[in-house]
>>> print(open('input.csv').read())   # CSV, C-alpha atoms and all ligand atoms
chain,number,residue,atom,x,y,z
A,1326,MET,CA,-45.1,-35.6,-15.7
A,1327,LYS,CA,-47.2,-32.8,-17.3
A,1328,ALA,CA,-46.7,-29.2,-16.5
A,1329,ILE,CA,-47.9,-25.8,-17.7
A,1330,VAL,CA,-44.8,-24.1,-18.9
A,1331,LEU,CA,-44.1,-20.6,-20.1
A,1332,ASN,CA,-42.7,-20.7,-23.6
A,1333,GLN,CA,-40.2,-17.9,-23.6
A,1334,LYS,CA,-40.4,-17.4,-27.4
A,1335,THR,CA,-44.1,-16.9,-27.7
A,1336,TYR,CA,-44.8,-15.9,-24.1
A,1337,LYS,CA,-47.8,-18.3,-24.1
A,1338,LEU,CA,-48.5,-20.9,-21.5
A,1339,GLU,CA,-48.5,-24.5,-22.8
A,1340,ILE,CA,-48.8,-28.0,-21.5
A,1341,LYS,CA,-45.5,-30.0,-21.9
A,1342,ASP,CA,-44.0,-33.3,-20.7
A,1343,VAL,CA,-41.2,-32.5,-18.2
A,1344,ASP,CA,-39.1,-34.5,-15.8
A,1345,LYS,CA,-40.9,-35.5,-12.7
A,1346,PRO,CA,-39.1,-34.0,-9.7
A,1347,ILE,CA,-37.0,-36.3,-7.5
A,1348,ILE,CA,-37.1,-35.9,-3.8
A,1349,SER,CA,-34.0,-35.3,-1.7
A,1350,ARG,CA,-33.6,-36.2,2.0
A,1351,SER,CA,-35.3,-32.9,3.1
A,1352,THR,CA,-38.0,-32.5,0.5
A,1353,VAL,CA,-41.5,-33.9,0.1
A,1354,LEU,CA,-43.2,-34.8,-3.2
A,1355,VAL,CA,-46.6,-33.2,-3.5
A,1356,LYS,CA,-49.3,-34.1,-6.0
A,1357,LEU,CA,-51.0,-30.8,-6.7
A,1358,VAL,CA,-54.8,-30.8,-6.6
A,1359,ALA,CA,-55.4,-27.1,-7.0
A,1360,THR,CA,-53.4,-23.9,-7.6
A,1361,SER,CA,-54.4,-20.2,-7.8
A,1362,LEU,CA,-53.3,-17.2,-9.8
A,1363,ASN,CA,-51.4,-14.1,-8.5
A,1364,HIS,CA,-50.8,-10.8,-10.1
A,1365,HIS,CA,-47.1,-11.3,-10.2
A,1366,GLU,CA,-47.5,-14.1,-12.7
A,1367,LEU,CA,-49.3,-11.6,-14.9
A,1368,TRP,CA,-46.4,-9.2,-14.5
A,1369,THR,CA,-44.1,-12.0,-15.6
A,1370,LEU,CA,-46.3,-12.7,-18.6
A,1371,LYS,CA,-46.5,-9.0,-19.5
A,1372,GLU,CA,-43.1,-7.6,-18.6
A,1373,LYS,CA,-41.1,-10.6,-19.8
A,1374,GLU,CA,-38.5,-10.2,-17.0
A,1375,LEU,CA,-37.1,-13.6,-17.8
A,1376,ARG,CA,-33.6,-14.7,-16.9
A,1377,ASN,CA,-32.9,-17.9,-18.8
A,1378,ASP,CA,-33.9,-19.8,-21.9
A,1379,SER,CA,-35.5,-22.8,-20.4
A,1380,ASN,CA,-39.2,-23.6,-20.1
A,1381,ILE,CA,-40.4,-22.2,-16.8
A,1382,ILE,CA,-43.1,-23.7,-14.7
A,1383,LEU,CA,-44.9,-20.7,-13.1
A,1384,GLY,CA,-47.2,-20.9,-10.1
A,1385,SER,CA,-46.7,-19.9,-6.5
A,1386,ASP,CA,-49.8,-21.2,-4.9
A,1387,GLY,CA,-50.6,-24.9,-4.4
A,1388,ALA,CA,-52.5,-27.4,-2.3
A,1389,GLY,CA,-52.2,-31.1,-2.7
A,1390,ILE,CA,-51.4,-34.5,-1.2
A,1391,ILE,CA,-48.0,-35.8,-0.1
A,1392,MET,CA,-46.9,-38.8,-2.2
A,1393,ASN,CA,-43.5,-39.3,-0.8
A,1394,VAL,CA,-41.2,-37.9,1.9
A,1395,GLY,CA,-37.4,-37.6,2.1
A,1396,ALA,CA,-35.5,-39.6,4.7
A,1397,ASP,CA,-34.9,-36.6,7.1
A,1398,VAL,CA,-38.5,-35.2,7.0
A,1399,LYS,CA,-40.3,-35.3,10.3
A,1400,GLY,CA,-44.0,-34.6,11.0
A,1401,LEU,CA,-45.2,-35.1,7.5
A,1402,LYS,CA,-46.2,-38.4,5.8
A,1403,LYS,CA,-47.5,-39.9,2.6
A,1404,GLY,CA,-51.2,-39.0,2.2
A,1405,ASP,CA,-51.1,-35.8,4.3
A,1406,GLU,CA,-53.1,-33.0,2.8
A,1407,VAL,CA,-51.0,-29.9,2.6
A,1408,VAL,CA,-50.6,-26.3,1.5
A,1409,ILE,CA,-47.3,-24.8,0.2
A,1410,ASN,CA,-45.6,-21.6,1.4
A,1411,PRO,CA,-44.1,-19.9,-1.8
A,1412,SER,CA,-41.9,-17.5,0.2
A,1413,LEU,CA,-38.5,-19.2,-0.1
A,1414,ASN,CA,-35.2,-18.5,1.7
A,1415,TRP,CA,-36.4,-15.5,3.7
A,1416,GLY,CA,-33.2,-15.5,5.7
A,1417,THR,CA,-32.5,-14.6,9.3
A,1418,ASN,CA,-33.7,-11.0,9.5
A,1419,ASN,CA,-37.4,-10.7,10.3
A,1420,LYS,CA,-37.5,-7.1,9.1
A,1421,VAL,CA,-36.6,-7.9,5.5
A,1422,GLN,CA,-35.9,-10.9,3.2
A,1423,GLY,CA,-32.3,-11.7,2.5
A,1424,LYS,CA,-30.5,-11.7,-0.8
A,1425,ASN,CA,-31.2,-15.3,-1.6
A,1426,TYR,CA,-35.0,-14.7,-1.3
A,1427,GLU,CA,-37.2,-16.2,-4.0
A,1428,ILE,CA,-40.9,-16.5,-4.7
A,1429,LEU,CA,-41.8,-20.0,-5.8
A,1430,GLY,CA,-42.7,-20.2,-9.5
A,1431,PHE,CA,-40.1,-17.9,-10.9
A,1432,PRO,CA,-37.2,-18.5,-11.4
A,1433,LYS,CA,-37.6,-21.8,-9.5
A,1434,HIS,CA,-40.2,-24.1,-11.0
A,1435,GLY,CA,-43.6,-23.6,-9.3
A,1436,THR,CA,-47.0,-25.2,-8.8
A,1437,PHE,CA,-48.5,-25.3,-12.3
A,1438,ALA,CA,-47.6,-28.9,-12.6
A,1439,GLU,CA,-48.7,-32.4,-11.6
A,1440,PHE,CA,-46.1,-32.7,-8.9
A,1441,ILE,CA,-43.6,-30.5,-7.0
A,1442,ALA,CA,-40.7,-31.5,-4.8
A,1443,ILE,CA,-40.3,-28.9,-2.0
A,1444,ASN,CA,-38.4,-28.6,1.2
A,1445,HIS,CA,-40.5,-29.8,4.1
A,1446,GLN,CA,-40.2,-26.5,5.9
A,1447,TYR,CA,-42.4,-24.8,3.3
A,1448,VAL,CA,-45.3,-27.3,3.7
A,1449,CYS,CA,-48.1,-27.0,6.3
A,1450,HIS,CA,-51.1,-29.2,6.9
A,1451,LYS,CA,-54.2,-27.9,5.0
A,1452,PRO,CA,-56.8,-26.4,7.4
A,1453,VAL,CA,-59.4,-29.1,7.8
A,1454,HIS,CA,-62.4,-26.8,7.2
A,1455,LEU,CA,-61.1,-25.9,3.7
A,1456,SER,CA,-61.4,-27.7,0.4
A,1457,PHE,CA,-58.2,-28.1,-1.7
A,1458,GLN,CA,-59.5,-25.3,-3.9
A,1459,GLU,CA,-59.9,-22.9,-1.0
A,1460,ALA,CA,-56.5,-24.0,0.5
A,1461,ALA,CA,-54.8,-23.3,-2.9
A,1462,ALA,CA,-56.1,-19.7,-2.6
A,1463,LEU,CA,-54.3,-19.1,0.7
A,1464,PRO,CA,-50.5,-19.0,0.3
A,1465,LEU,CA,-49.2,-15.9,-1.5
A,1466,ALA,CA,-52.2,-13.6,-0.9
A,1467,GLY,CA,-52.9,-14.8,2.6
A,1468,LEU,CA,-49.2,-14.4,3.7
A,1469,THR,CA,-48.9,-11.0,2.1
A,1470,ALA,CA,-52.1,-9.8,3.8
A,1471,TYR,CA,-51.0,-11.3,7.1
A,1472,ARG,CA,-47.6,-9.4,7.2
A,1473,ALA,CA,-49.1,-6.2,5.8
A,1474,LEU,CA,-51.9,-6.1,8.4
A,1475,PHE,CA,-50.2,-7.5,11.5
A,1476,THR,CA,-46.5,-7.2,11.3
A,1477,ARG,CA,-46.1,-4.0,9.2
A,1478,GLY,CA,-49.6,-2.5,9.9
A,1479,GLU,CA,-49.2,-3.2,13.7
A,1480,PHE,CA,-53.0,-4.0,13.8
A,1481,GLU,CA,-54.9,-3.7,17.0
A,1482,ASN,CA,-58.5,-4.9,17.3
A,1483,SER,CA,-59.7,-1.4,18.2
A,1484,ASN,CA,-58.2,0.1,15.0
A,1485,ARG,CA,-60.2,1.5,12.1
A,1486,ILE,CA,-58.8,-0.1,8.9
A,1487,LEU,CA,-59.0,0.8,5.2
A,1488,VAL,CA,-58.3,-1.8,2.6
A,1489,THR,CA,-58.0,-0.4,-1.0
A,1490,GLY,CA,-58.9,-2.2,-4.2
A,1491,ILE,CA,-61.0,-4.8,-2.4
A,1492,GLY,CA,-61.4,-6.9,-5.5
A,1493,GLY,CA,-57.8,-8.1,-5.2
A,1494,GLY,CA,-56.8,-11.4,-3.7
A,1495,VAL,CA,-54.6,-9.9,-1.0
A,1496,ALA,CA,-57.1,-7.2,-0.1
A,1497,LEU,CA,-59.8,-9.7,0.6
A,1498,PHE,CA,-57.6,-11.6,3.0
A,1499,ALA,CA,-56.8,-8.4,4.8
A,1500,LEU,CA,-60.5,-7.6,5.1
A,1501,SER,CA,-61.3,-11.2,6.3
A,1502,PHE,CA,-58.6,-11.1,8.9
A,1503,ALA,CA,-59.5,-7.7,10.3
A,1504,VAL,CA,-63.2,-8.5,10.3
A,1505,ALA,CA,-62.6,-11.8,12.1
A,1506,LEU,CA,-60.7,-10.0,14.8
A,1507,GLY,CA,-63.5,-7.5,15.3
A,1508,ALA,CA,-62.0,-4.4,13.7
A,1509,GLU,CA,-64.0,-1.7,11.8
A,1510,VAL,CA,-63.1,-2.0,8.2
A,1511,TYR,CA,-63.8,0.2,5.1
A,1512,VAL,CA,-62.8,-0.5,1.5
A,1513,THR,CA,-62.3,1.1,-1.8
A,1514,SER,CA,-63.0,-0.4,-5.2
A,1515,GLY,CA,-63.4,0.7,-8.8
A,1516,ASN,CA,-66.6,-1.2,-8.9
A,1517,ASP,CA,-69.7,-0.5,-6.8
A,1518,HIS,CA,-70.8,-4.2,-6.8
A,1519,LYS,CA,-67.5,-5.2,-5.3
A,1520,ILE,CA,-68.1,-2.7,-2.4
A,1521,LEU,CA,-71.5,-4.2,-1.8
A,1522,LYS,CA,-70.0,-7.7,-1.7
A,1523,ALA,CA,-67.3,-6.5,0.7
A,1524,ILE,CA,-70.1,-5.1,3.0
A,1525,GLU,CA,-71.7,-8.6,2.9
A,1526,LEU,CA,-68.3,-10.0,4.1
A,1527,GLY,CA,-68.3,-7.6,7.1
A,1528,ALA,CA,-66.9,-4.3,5.8
A,1529,LYS,CA,-68.7,-1.2,7.3
A,1530,GLY,CA,-68.7,0.7,4.1
A,1531,GLY,CA,-66.7,1.8,1.1
A,1532,VAL,CA,-66.3,4.2,-1.8
A,1533,ASN,CA,-65.5,3.9,-5.5
A,1534,TYR,CA,-61.9,5.2,-6.1
A,1535,LYS,CA,-63.0,6.3,-9.6
A,1536,ASP,CA,-65.3,9.0,-8.1
A,1537,SER,CA,-63.4,12.3,-8.0
A,1538,ASP,CA,-64.5,13.0,-4.4
A,1539,TRP,CA,-63.8,9.5,-3.1
A,1540,SER,CA,-61.6,10.5,-0.3
A,1541,VAL,CA,-64.0,13.3,0.9
A,1542,LYS,CA,-66.8,10.7,0.9
A,1543,LEU,CA,-64.7,8.3,2.9
A,1544,LEU,CA,-63.7,10.9,5.5
A,1545,LYS,CA,-67.3,11.8,5.9
A,1546,MET,CA,-68.1,8.2,6.7
A,1547,THR,CA,-65.3,7.8,9.2
A,1548,LYS,CA,-63.0,9.8,11.3
A,1549,GLY,CA,-59.8,8.6,9.6
A,1550,PHE,CA,-57.9,5.4,9.7
A,1551,ASP,CA,-55.3,3.8,12.0
A,1552,VAL,CA,-54.1,1.2,9.4
A,1553,ILE,CA,-54.4,1.4,5.6
A,1554,VAL,CA,-53.5,-1.7,3.5
A,1555,ASP,CA,-52.8,-0.5,0.0
A,1556,SER,CA,-51.6,-2.2,-3.2
A,1557,ALA,CA,-52.3,0.6,-5.7
A,1558,ALA,CA,-49.9,3.5,-4.8
A,1559,GLY,CA,-50.4,5.9,-7.7
A,1560,LYS,CA,-52.1,9.4,-7.6
A,1561,GLY,CA,-54.5,8.3,-4.9
A,1562,PHE,CA,-51.8,7.5,-2.3
A,1563,LYS,CA,-51.6,11.2,-1.4
A,1564,GLU,CA,-55.2,11.1,-0.3
A,1565,LEU,CA,-54.5,8.0,1.8
A,1566,THR,CA,-51.9,9.9,3.8
A,1567,GLU,CA,-54.5,12.7,4.3
A,1568,MET,CA,-57.1,10.1,5.7
A,1569,THR,CA,-54.8,8.8,8.4
A,1570,ASN,CA,-55.2,9.3,12.1
A,1571,PRO,CA,-52.2,10.5,14.1
A,1572,GLY,CA,-49.7,7.6,14.5
A,1573,ALA,CA,-51.3,5.6,11.7
A,1574,ARG,CA,-49.5,3.0,9.6
A,1575,ILE,CA,-49.9,2.6,5.8
A,1576,ALA,CA,-48.7,-0.9,4.7
A,1577,LEU,CA,-48.0,-0.7,0.9
A,1578,PHE,CA,-47.4,-3.9,-1.1
A,1579,GLY,CA,-48.1,-3.1,-4.7
A,1580,ARG,CA,-48.0,-0.6,-7.5
A,1581,THR,CA,-51.1,-1.3,-9.5
A,1582,ALA,CA,-51.8,2.4,-10.1
A,1583,GLY,CA,-48.2,3.5,-10.7
A,1584,ASN,CA,-46.0,6.0,-9.0
A,1585,ILE,CA,-46.9,8.0,-6.0
A,1586,GLN,CA,-47.2,11.7,-6.6
A,1587,ASN,CA,-47.3,15.0,-4.6
A,1588,LEU,CA,-47.1,13.7,-1.1
A,1589,ASN,CA,-47.3,16.4,1.6
A,1590,PRO,CA,-44.4,15.9,3.9
A,1591,SER,CA,-46.1,18.0,6.7
A,1592,ILE,CA,-48.9,15.5,7.0
A,1593,ILE,CA,-46.4,12.6,7.3
A,1594,PHE,CA,-44.2,14.2,10.0
A,1595,TRP,CA,-46.8,16.2,12.0
A,1596,LYS,CA,-49.2,13.2,12.3
A,1597,GLN,CA,-46.2,10.9,12.8
A,1598,ILE,CA,-47.6,8.4,10.3
A,1599,SER,CA,-45.5,5.4,9.1
A,1600,ILE,CA,-45.4,4.3,5.5
A,1601,HIS,CA,-44.3,0.7,5.7
A,1602,GLY,CA,-43.3,-1.2,2.5
A,1603,THR,CA,-44.2,-4.9,2.9
A,1604,THR,CA,-43.6,-8.0,0.8
A,1605,MET,CA,-44.8,-11.5,1.3
A,1606,GLY,CA,-43.7,-12.8,4.7
A,1607,ASN,CA,-41.5,-15.3,6.5
A,1608,ASN,CA,-42.1,-18.9,7.4
A,1609,GLU,CA,-43.3,-18.1,10.9
A,1610,GLU,CA,-45.8,-15.6,9.5
A,1611,PHE,CA,-47.0,-18.2,7.0
A,1612,LYS,CA,-47.7,-20.7,9.9
A,1613,LYS,CA,-49.4,-18.0,11.9
A,1614,MET,CA,-51.6,-17.1,8.9
A,1615,VAL,CA,-52.6,-20.7,8.4
A,1616,ASP,CA,-53.4,-21.0,12.2
A,1617,LEU,CA,-55.5,-17.8,12.1
A,1618,ILE,CA,-57.4,-19.2,9.1
A,1619,SER,CA,-58.0,-22.5,11.1
A,1620,SER,CA,-58.9,-20.9,14.5
A,1621,GLU,CA,-61.3,-18.3,13.0
A,1622,LYS,CA,-62.6,-20.8,10.4
A,1623,ILE,CA,-62.0,-18.2,7.6
A,1624,HIS,CA,-62.9,-19.2,4.1
A,1625,PRO,CA,-61.0,-17.5,1.3
A,1626,VAL,CA,-63.1,-15.6,-1.2
A,1627,ILE,CA,-62.9,-17.5,-4.4
A,1628,ASP,CA,-63.9,-15.6,-7.6
A,1629,SER,CA,-64.0,-18.6,-9.9
A,1630,ILE,CA,-62.5,-22.1,-10.5
A,1631,TYR,CA,-61.1,-22.9,-14.0
A,1632,SER,CA,-59.7,-26.1,-15.5
A,1633,ILE,CA,-56.1,-26.3,-16.7
A,1634,GLN,CA,-57.2,-25.9,-20.3
A,1635,GLU,CA,-58.8,-22.5,-19.4
A,1636,ILE,CA,-55.7,-21.0,-17.7
A,1637,ASN,CA,-55.1,-18.4,-20.3
A,1638,LEU,CA,-58.8,-17.3,-20.0
A,1639,ALA,CA,-58.3,-17.1,-16.3
A,1640,PHE,CA,-55.3,-14.8,-16.7
A,1641,ASP,CA,-57.3,-12.7,-19.1
A,1642,LYS,CA,-59.9,-12.2,-16.4
A,1643,MET,CA,-57.3,-11.2,-13.9
A,1644,ALA,CA,-55.7,-8.8,-16.4
A,1645,LYS,CA,-59.1,-7.1,-16.9
A,1646,GLY,CA,-59.5,-6.8,-13.1
A,1647,GLU,CA,-62.9,-8.4,-13.3
A,1648,GLN,CA,-62.4,-10.8,-10.3
A,1649,PHE,CA,-63.6,-10.5,-6.8
A,1650,GLY,CA,-61.3,-12.8,-4.8
A,1651,LYS,CA,-59.0,-15.6,-5.9
A,1652,ILE,CA,-59.0,-17.3,-9.3
A,1653,VAL,CA,-58.3,-21.0,-8.7
A,1654,ILE,CA,-57.2,-23.7,-11.2
A,1655,ASN,CA,-58.1,-27.4,-10.7
A,1656,MET,CA,-55.0,-29.4,-11.4
A,1657,ASP,CA,-56.6,-32.8,-12.0
A,1658,LYS,CA,-57.0,-33.1,-15.8
A,1659,PHE,CA,-53.8,-32.6,-17.7
A,1660,ASN,CA,-54.7,-34.7,-20.7
A,1661,ASN,CA,-55.7,-32.0,-23.3
A,1662,GLU,CA,-53.8,-29.2,-24.9
A,1663,ILE,CA,-54.5,-25.7,-23.6
A,1701,LIG,N1,-45.3,-7.1,-2.4
A,1701,LIG,C1,-45.9,-8.3,-2.3
A,1701,LIG,O1,-45.5,-9.2,-1.6
A,1701,LIG,C2,-47.1,-8.5,-3.2
A,1701,LIG,C3,-47.8,-9.7,-3.0
A,1701,LIG,C4,-49.0,-9.9,-3.7
A,1701,LIG,C5,-49.3,-8.9,-4.7
A,1701,LIG,N2,-48.5,-7.8,-4.8
A,1701,LIG,C6,-49.0,-6.7,-5.8
A,1701,LIG,O2,-50.2,-6.2,-5.3
A,1701,LIG,C7,-51.0,-5.8,-6.3
A,1701,LIG,C8,-52.4,-6.6,-6.1
A,1701,LIG,O3,-52.1,-8.0,-6.1
A,1701,LIG,P1,-53.3,-9.0,-6.1
A,1701,LIG,O4,-52.7,-10.4,-6.4
A,1701,LIG,O5,-54.1,-8.8,-5.0
A,1701,LIG,O6,-54.0,-8.6,-7.5
A,1701,LIG,P2,-55.4,-8.7,-8.1
A,1701,LIG,O7,-56.1,-9.9,-7.4
A,1701,LIG,O8,-55.2,-8.8,-9.5
A,1701,LIG,O9,-56.1,-7.4,-7.7
A,1701,LIG,C9,-55.7,-6.1,-8.2
A,1701,LIG,C10,-56.7,-5.1,-7.6
A,1701,LIG,O10,-56.1,-3.8,-7.7
A,1701,LIG,C11,-57.2,-2.9,-7.5
A,1701,LIG,N3,-56.9,-1.6,-8.1
A,1701,LIG,C12,-56.7,-1.4,-9.4
A,1701,LIG,N4,-56.6,0.0,-9.6
A,1701,LIG,C13,-56.7,0.5,-8.4
A,1701,LIG,C14,-56.6,1.9,-7.9
A,1701,LIG,N5,-56.4,2.9,-8.7
A,1701,LIG,N6,-56.7,2.1,-6.6
A,1701,LIG,C15,-57.0,1.1,-5.7
A,1701,LIG,N7,-57.0,-0.2,-6.1
A,1701,LIG,C16,-56.9,-0.5,-7.4
A,1701,LIG,C17,-58.4,-3.6,-8.1
A,1701,LIG,O11,-59.4,-3.5,-7.1
A,1701,LIG,P3,-61.0,-3.4,-7.5
A,1701,LIG,O12,-61.2,-4.5,-8.5
A,1701,LIG,O13,-61.7,-3.5,-6.2
A,1701,LIG,O14,-61.1,-2.0,-8.2
A,1701,LIG,C18,-58.0,-5.0,-8.4
A,1701,LIG,O15,-58.8,-6.0,-7.9
A,1701,LIG,C19,-50.3,-6.2,-7.6
A,1701,LIG,O16,-49.6,-5.0,-8.0
A,1701,LIG,C20,-49.3,-7.2,-7.1
A,1701,LIG,O17,-48.2,-7.3,-8.0
A,1701,LIG,C21,-47.4,-7.6,-4.1
>>> encode(input="input.csv", output="structure tokens")
Amino acid sequence: MKAIVLNQKTYKLEIKDVDKPIISRSTVLVKLVATSLNHHELWTLKEKELRNDSNIILGSDGAGIIMNVGADVKGLKKGDEVVINPSLNWGTNNKVQGKNYEILGFPKHGTFAEFIAINHQYVCHKPVHLSFQEAAALPLAGLTAYRALFTRGEFENSNRILVTGIGGGVALFALSFAVALGAEVYVTSGNDHKILKAIELGAKGGVNYKDSDWSVKLLKMTKGFDVIVDSAAGKGFKELTEMTNPGARIALFGRTAGNIQNLNPSIIFWKQISIHGTTMGNNEEFKKMVDLISSEKIHPVIDSIYSIQEINLAFDKMAKGEQFGKIVINMDKFNNEI
């Protein structure tokens, strides 16, 4: 089969012929129709944290059609339209992933390929109201947002929520989930147009984190937040703690703006706020996320859809932070070089 592999000498993505995966008794073979990009692939491309010399098939997100099922697989059959959970081997502790935990696509071969063989437990039926392109946008970002908002953020419908960096894939899912459940949601962004788009999607308001007085403006608009979903950390994190209501939770899942600086401990202990690290989620959370998408008829926000040949362009767009929502790749035409 054809796959988009990471050449570890040039650090470029290229199309190569690789062995088609063979199913075992517990796996299903999925023909991928669409995949989407995540920031961690960009980290892999930039930071070169590679562990072996072979060609690696990146890609965590995927939606497609089951072509074959292993002998022990129940509840799935050839022709089913499915979406793949990239959060592998979580383990038995719901509080944290175990030592064998992996994210699909690195180091295990991922979804930037014609086919993938994957254990049936990581496959869910595609929500019927979504196209393959929309379904491919769900897995990693939707799961991360679900755990950040509900499990770690301990979301309640009456809460006031802040989602930072709203242009991000995960951030937009957190906004969609909270708005669908009736919460009052505010956002930050480095781009005023993205704030306006978020308001169209149901946010009450937002501020530009590049303005020096962004946190003052945000506090004037609101009376503080019960849940903050943040992927930036960095210098602005201090202000996030200052904008919390007593007993609030901050769910932190990224480091886009670097290290946290100058936290005021008194704010943390006196307001009894909780800073909760969060990463991806377990299989149960994945199923609940897909159920929520189906029951609330949520459509993921898609920034753009690229062909396989344009994948490097698509990553350039993500690197520049120009996107609003998920960048999707159609996986149907493998015939040309990238
Ligand atoms: N722990 C996990 O499980 C997990 C899962 C997924 C992602 N992540 C991490 O979370 C981060 C976001 O991932 P993603 O896939 O959503 O990335 P993405 O789609 O590339 O979005 C990144 C977003 O970060 C925002 N941003 C940049 N500088 C910021 C700042 N100073 N303050 C606030 N926001 C800022 C930007 O928002 P605007 O465009 O609105 O300015 C940008 O859209 C990455 O660091 C990624 O590695 C972690």
>>> closest_atom_pairs(input="input.csv", of="stretch 1411-1441 of chain A", to="stretch 1472-1478 of chain A", cutoff="12 Å", atoms="all atoms listed in the file", output="tab-separated table")
residue	atom	partner	partner_atom	distance
A:Asn1419	CA	A:Thr1476	CA	9.8
A:Lys1420	CA	A:Arg1477	CA	9.1
A:Val1421	CA	A:Arg1477	CA	10.9
>>> closest_atom_pairs(input="input.csv", of="chain A", to="ligand LIG 1701 (chain A)", cutoff="6 Å", atoms="all atoms listed in the file", output="JSON lines")
{"residue": "A:Asn1363", "atom": "CA", "partner": "A:LIG1701", "partner_atom": "O4", "distance": 4.4}
{"residue": "A:His1364", "atom": "CA", "partner": "A:LIG1701", "partner_atom": "O4", "distance": 4.2}
{"residue": "A:His1365", "atom": "CA", "partner": "A:LIG1701", "partner_atom": "O17", "distance": 4.7}
{"residue": "A:Ala1466", "atom": "CA", "partner": "A:LIG1701", "partner_atom": "C4", "distance": 5.6}
{"residue": "A:Thr1469", "atom": "CA", "partner": "A:LIG1701", "partner_atom": "O1", "distance": 5.3}
{"residue": "A:Thr1489", "atom": "CA", "partner": "A:LIG1701", "partner_atom": "C15", "distance": 5.0}
{"residue": "A:Gly1490", "atom": "CA", "partner": "A:LIG1701", "partner_atom": "O11", "distance": 3.2}
{"residue": "A:Ile1491", "atom": "CA", "partner": "A:LIG1701", "partner_atom": "O13", "distance": 4.1}
{"residue": "A:Gly1492", "atom": "CA", "partner": "A:LIG1701", "partner_atom": "O13", "distance": 3.5}
{"residue": "A:Gly1493", "atom": "CA", "partner": "A:LIG1701", "partner_atom": "O9", "distance": 3.1}
{"residue": "A:Gly1494", "atom": "CA", "partner": "A:LIG1701", "partner_atom": "O5", "distance": 4.0}
{"residue": "A:Val1495", "atom": "CA", "partner": "A:LIG1701", "partner_atom": "O5", "distance": 4.2}
{"residue": "A:Ala1496", "atom": "CA", "partner": "A:LIG1701", "partner_atom": "O5", "distance": 6.0}
{"residue": "A:Ser1514", "atom": "CA", "partner": "A:LIG1701", "partner_atom": "O13", "distance": 3.5}
{"residue": "A:Gly1515", "atom": "CA", "partner": "A:LIG1701", "partner_atom": "O14", "distance": 3.6}
{"residue": "A:Asn1516", "atom": "CA", "partner": "A:LIG1701", "partner_atom": "O14", "distance": 5.6}
{"residue": "A:Ser1556", "atom": "CA", "partner": "A:LIG1701", "partner_atom": "O2", "distance": 4.7}
{"residue": "A:Ala1557", "atom": "CA", "partner": "A:LIG1701", "partner_atom": "C15", "distance": 4.7}
{"residue": "A:Phe1578", "atom": "CA", "partner": "A:LIG1701", "partner_atom": "N1", "distance": 4.0}
{"residue": "A:Gly1579", "atom": "CA", "partner": "A:LIG1701", "partner_atom": "O2", "distance": 3.8}
{"residue": "A:Arg1580", "atom": "CA", "partner": "A:LIG1701", "partner_atom": "O16", "distance": 4.7}
{"residue": "A:Thr1581", "atom": "CA", "partner": "A:LIG1701", "partner_atom": "O16", "distance": 4.3}
{"residue": "A:Ala1582", "atom": "CA", "partner": "A:LIG1701", "partner_atom": "N5", "distance": 4.8}
{"residue": "A:Thr1603", "atom": "CA", "partner": "A:LIG1701", "partner_atom": "N1", "distance": 5.8}
{"residue": "A:Thr1604", "atom": "CA", "partner": "A:LIG1701", "partner_atom": "O1", "distance": 3.3}
{"residue": "A:Met1605", "atom": "CA", "partner": "A:LIG1701", "partner_atom": "O1", "distance": 3.8}
{"residue": "A:Met1643", "atom": "CA", "partner": "A:LIG1701", "partner_atom": "O8", "distance": 5.4}
{"residue": "A:Gly1646", "atom": "CA", "partner": "A:LIG1701", "partner_atom": "C18", "distance": 5.3}
>>> write_last_selection(input="input.csv", atoms="C-alpha atoms", output="JSON list (two decimals), in the frame of the given file")
[["chain", "number", "residue", "atom", "x", "y", "z"],
["A", 1363, "ASN", "CA", -51.40, -14.10, -8.50],
["A", 1364, "HIS", "CA", -50.80, -10.80, -10.10],
["A", 1365, "HIS", "CA", -47.10, -11.30, -10.20],
["A", 1466, "ALA", "CA", -52.20, -13.60, -0.90],
["A", 1469, "THR", "CA", -48.90, -11.00, 2.10],
["A", 1489, "THR", "CA", -58.00, -0.40, -1.00],
["A", 1490, "GLY", "CA", -58.90, -2.20, -4.20],
["A", 1491, "ILE", "CA", -61.00, -4.80, -2.40],
["A", 1492, "GLY", "CA", -61.40, -6.90, -5.50],
["A", 1493, "GLY", "CA", -57.80, -8.10, -5.20],
["A", 1494, "GLY", "CA", -56.80, -11.40, -3.70],
["A", 1495, "VAL", "CA", -54.60, -9.90, -1.00],
["A", 1496, "ALA", "CA", -57.10, -7.20, -0.10],
["A", 1514, "SER", "CA", -63.00, -0.40, -5.20],
["A", 1515, "GLY", "CA", -63.40, 0.70, -8.80],
["A", 1516, "ASN", "CA", -66.60, -1.20, -8.90],
["A", 1556, "SER", "CA", -51.60, -2.20, -3.20],
["A", 1557, "ALA", "CA", -52.30, 0.60, -5.70],
["A", 1578, "PHE", "CA", -47.40, -3.90, -1.10],
["A", 1579, "GLY", "CA", -48.10, -3.10, -4.70],
["A", 1580, "ARG", "CA", -48.00, -0.60, -7.50],
["A", 1581, "THR", "CA", -51.10, -1.30, -9.50],
["A", 1582, "ALA", "CA", -51.80, 2.40, -10.10],
["A", 1603, "THR", "CA", -44.20, -4.90, 2.90],
["A", 1604, "THR", "CA", -43.60, -8.00, 0.80],
["A", 1605, "MET", "CA", -44.80, -11.50, 1.30],
["A", 1643, "MET", "CA", -57.30, -11.20, -13.90],
["A", 1646, "GLY", "CA", -59.50, -6.80, -13.10]]
>>> closest_residue(input="input.csv", among="A:Cys1449, A:Asp1555, A:Asn1584, A:Ala1505", to="A:Lys1612", atoms="only C-alpha atoms")
A:Cys1449
